[in-house]
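S.K.: Before anything else, here's the structure in question.
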Amino acid sequence: FFFQAEDGIRDAQESRGLGDVYKRQDNYLPISDFLEVSQIKNPHNIDLLLKIGGKERQKGNTKDLVFNINKLIEISSSYMTLNPGDLFLTGTPPGNDTVVDGDVLECTMSEDGKKLAELNVQFNYPK
């Protein structure tokens with residue numbers, strides 16, 4: 001498991017007319033440290049929170065995924081080889097918003113009120 005800060009960055013780039021060039025930048029997809037499976041009791045009930053500039057923008061839970069994690073792995077592995085460290089980017093809870101130059105994104109992942117991972121990133125447009 002990990003956390004990623006992607007959707008707001010994508011929206012910011014598209015609003016500047018850059019299309020999918022956002023996916024080709026250095027450091028495009030910041031992620032938190034990886035967690036061992038043993039650190040998570042129930043991967044199907046993990047709280048996810050994103051704050052931008054200290055304001056809550058997105059709040060979700062893995063129980064709300066269209067397909068649960070086991071199904072995602074089952075479907076994906078029928079089409080491609082999966083290796084340790086591969087990432088699944090599954091979409092985003094409601095509330096994504098544009099990120100502006102200098103914004104600080106704070107992401108947390110928790111289970112039963114216990115913080116499992118966090119990621120804090122300041123967004124700066126490439127010069």
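Following the order of the structure tokens, first chain is A, next is B, and so on, with residues numbered from 1 inside each chain and ligands from 1 in the order they appear.
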Kindly assemble as a tab-separated table a list of the segment 60-87 of chain A residues that lie within 12 Å of segment 34-38 of chain A, each paired with its nearest atom pair and their distance in Å to one decimal, using only C-alpha atoms, sorted first by chain and then by ascending residue number.
M.R.:
```
residue	atom	partner	partner_atom	distance
A:Pro84	CA	A:Phe34	CA	11.2
A:Gly85	CA	A:Phe34	CA	8.7
A:Asp86	CA	A:Phe34	CA	11.1
A:Leu87	CA	A:Phe34	CA	10.5
```
S.K.: I want to know what sits within 8 Å of Thr62 of chain A, based on only C-alpha atoms, with residues of the same chain fewer than 3 positions away left out; could you give that as a list in words?
M.R.: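 Skipping anything fewer than 3 positions along the chain leaves Pro43, His44, Asn45, Ile46, Asp47, Leu48, Leu65 and Asn68 of chain A.
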S.K.: What would the file look like if the residues just selected were written as a short mmCIF file (atom, residue, chain, number, x, y, z; two decimals), in the first residue's frame with C-alpha atoms?
M.R.:
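In the end it all went to part_26.cif:
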```
data_model
loop_
_atom_site.label_atom_id
_atom_site.label_comp_id
_atom_site.auth_asym_id
_atom_site.auth_seq_id
_atom_site.Cartn_x
_atom_site.Cartn_y
_atom_site.Cartn_z
CA PRO A 43 -7.14 -3.50 3.25
CA HIS A 44 -10.82 -3.21 2.34
CA ASN A 45 -11.44 -0.60 5.07
CA ILE A 46 -8.66 2.00 4.90
CA ASP A 47 -9.45 5.70 5.34
CA LEU A 48 -7.84 8.07 2.83
CA LEU A 65 -13.69 1.07 -4.54
CA ASN A 68 -12.10 -4.62 -4.13
#
```
S.K.: Would you please work out which residue, of A:Met109, A:Gly91, A:Asn120, A:Thr98, is nearest to Val66 of chain A when using only C-alpha atoms?
M.R.: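 Distance minimum relative to Val66 of chain A lands on A:Gly91.
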S.K.: Which is closest to Asp112 of chain A among A:Asn124, A:Gln58, A:Ser76, A:Asn42, if we use only C-alpha atoms?
M.R.: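 Of A:Asn124, A:Gln58, A:Ser76, A:Asn42, the one nearest Asp112 of chain A is A:Asn42, counting only C-alpha atoms.
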S.K.: Could you please determine the separation between atom CA of Leu116 of chain A and atom CA of Gly60 of chain A in Å, to one decimal place?
M.R.: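 Calculated distance between atom CA of Leu116 of chain A and atom CA of Gly60 of chain A is 14.9 Å.
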S.K.: Report, in Å to a single decimal, how far apart atom CA of Lys41 of chain A and atom CA of Glu111 of chain A are.
M.R.: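 Distance between the two atoms: 8.0 Å.
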